[in-house]
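Structure first, then comments.
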Amino acid sequence: DQLRTDLAGALARGELRMVYQPVVDLALHAPAGVEALMRWQHPEFGAVSPADFIPLAEESGLIVDLGRWALVQACTATGQLAADELYVAVNVSARHVLSGQVVDDVVSALASSGLRPDRLVLEITESVLLDELHITDDLEALRQLGVRIAVDDFGTGWSSLARLVSLPIDVLKMDRAFLTDLETDPQRRSLCRSVLQLGSSLGLAVIVEGVERTAELQLLQDMGHRFVQGFLLARPMELAQLTDRLADHD
Ligand code: G
Ligand code: G
Ligand code: MN
Ligand code: NA
């Protein structure tokens with residue numbers, strides 16, 4: 001269809017850009033890093049959600065080009081921030097990982113941007129990590145570079161917790177589904193607390209995604225939880241806005 005056709009030229013026409021959503025460290029009351037998220041401004045249809053165009057890019061294989069571009073954009077932008085400890089997390093799609101080109105693309109993006117490897121996090125969805133047994137070598141290679149690996153949407157596909165434990169990973173991003181009814185349902189609270197404990201007992205950093213309400217934040221703080229991301233704290237923003245916001249923090 002039309003979107004599919006248009007997406008092929010979107011990058012060349014300059015219709016794609018990256019926005020950045022802070023991940024807040026509640027212990028330091030400051031951003032620990034940002035997640036880079038892609039945006040497509042279509043000349044006719046306006047903003048098209050990545051939830052709609054990323055699947056199209058995956059089907060056509062265009063995702064490898066888009067993913068490579070996203071890595072360069074995100075690494076370059078982050079390398080230019082005055083806050084030189086902030087990390088950037090880039091979503092890497094299944095098809096890009098399976099193409100076998102991610103390691104080379106990461107090496108190139110780090111080289112061209114000069115970003116320290118320990119400032120780059122790659123977000124890979126849990127289902128890919130569980131399904132694709134042969135990507136472990138690539139994950140190891142990325143970690144050898146000093147890059148960290150985050151499991152995105154954690155908890156949505158616990159088909160094999162045992163396998164997850166054996167993977168070379170650093171960060172769990174708890175799916176926002178775990179915040180549902182947190183305020184009203186003690187069992188949901190126990191579940192959330194258990195997931196957080198699981199992560200820390202595995203030595204992983206845990207980020208709670210999708211925090212939208214003050215009460216949720218309060219409950220997480222009461223649980224002693226540290227890293228949060230969500231509309232309550234900050235929405236995804238343009239690089240210029242991020243720079244301003246970071247300047248305000250100093
Ligand atoms: O930003 P938003 O919440 O609208 O993103 C919707 C979905 O698109 C999420 O699953 C998110 O991970 C994915 N997404 C956003 N930006 C990128 C990107 O740069 N690369 C990939 N592979 N997925 C992305
Ligand atoms: O699949 P992934 O975790 O990468 O998705 C990230 C998406 O979640 C981004 O598109 C971002 O816009 C969205 N997001 C970030 N914070 C919130 C939030 O507080 N609520 C909701 N509903 N979505 C959020
Ligand atoms: Mn993500
Ligand atoms: Na997620």
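Numbering starts fresh at 1 for the residues of each chain in the structure tokens, the chains themselves are lettered A, B, ... in the order given, and ligands are numbered from 1 as they appear.
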**Report entry** Near-ligand residues for ligand 3, threshold 6 Å, only C-alpha atoms and all ligand atoms, as an MDAnalysis selection string
**Finding:** chainID A and resid 91 123 152
Query raised in the report: Which residues come within 10 Å of Glu140 (chain A), counting only C-alpha atoms, excluding same-chain residues fewer than 6 positions away, as a count of residues only?
Result: 8
Report task. Might you pull out every residue within 9 Å of region 177-186 of chain A, with only C-alpha atoms counted and same-chain residues fewer than 3 positions away left off, and present them as a list in words? Result ->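 Selected residues are Asp153, Gly155, Thr156, Met174, Arg189, Ser190, Leu191, Cys192, Val195, Val208, Glu209, Gly210, Val211, Ala215, Glu216 and Leu219 of chain A.
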Query raised in the report: What gap, in Å, lies between CA of Leu11 (chain A) and atom 24 (C, counted along the ligand's line) of ligand 1?
Result: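 According to the coordinates, CA of Leu11 (chain A) and atom 24 (C, counted along the ligand's line) of ligand 1 are separated by 14.7 Å.
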Report task. From region 1-87 of chain A, collect each residue whose DSSP state is strand (DSSP E or B) and return the set as JSON, numbers by chain. Result -> {"A": [16, 17, 18, 19, 20, 21, 22, 23, 24, 25, 30, 31, 32, 33, 34, 35, 36, 37, 38, 39, 40, 41, 42, 46, 47, 48, 87]}
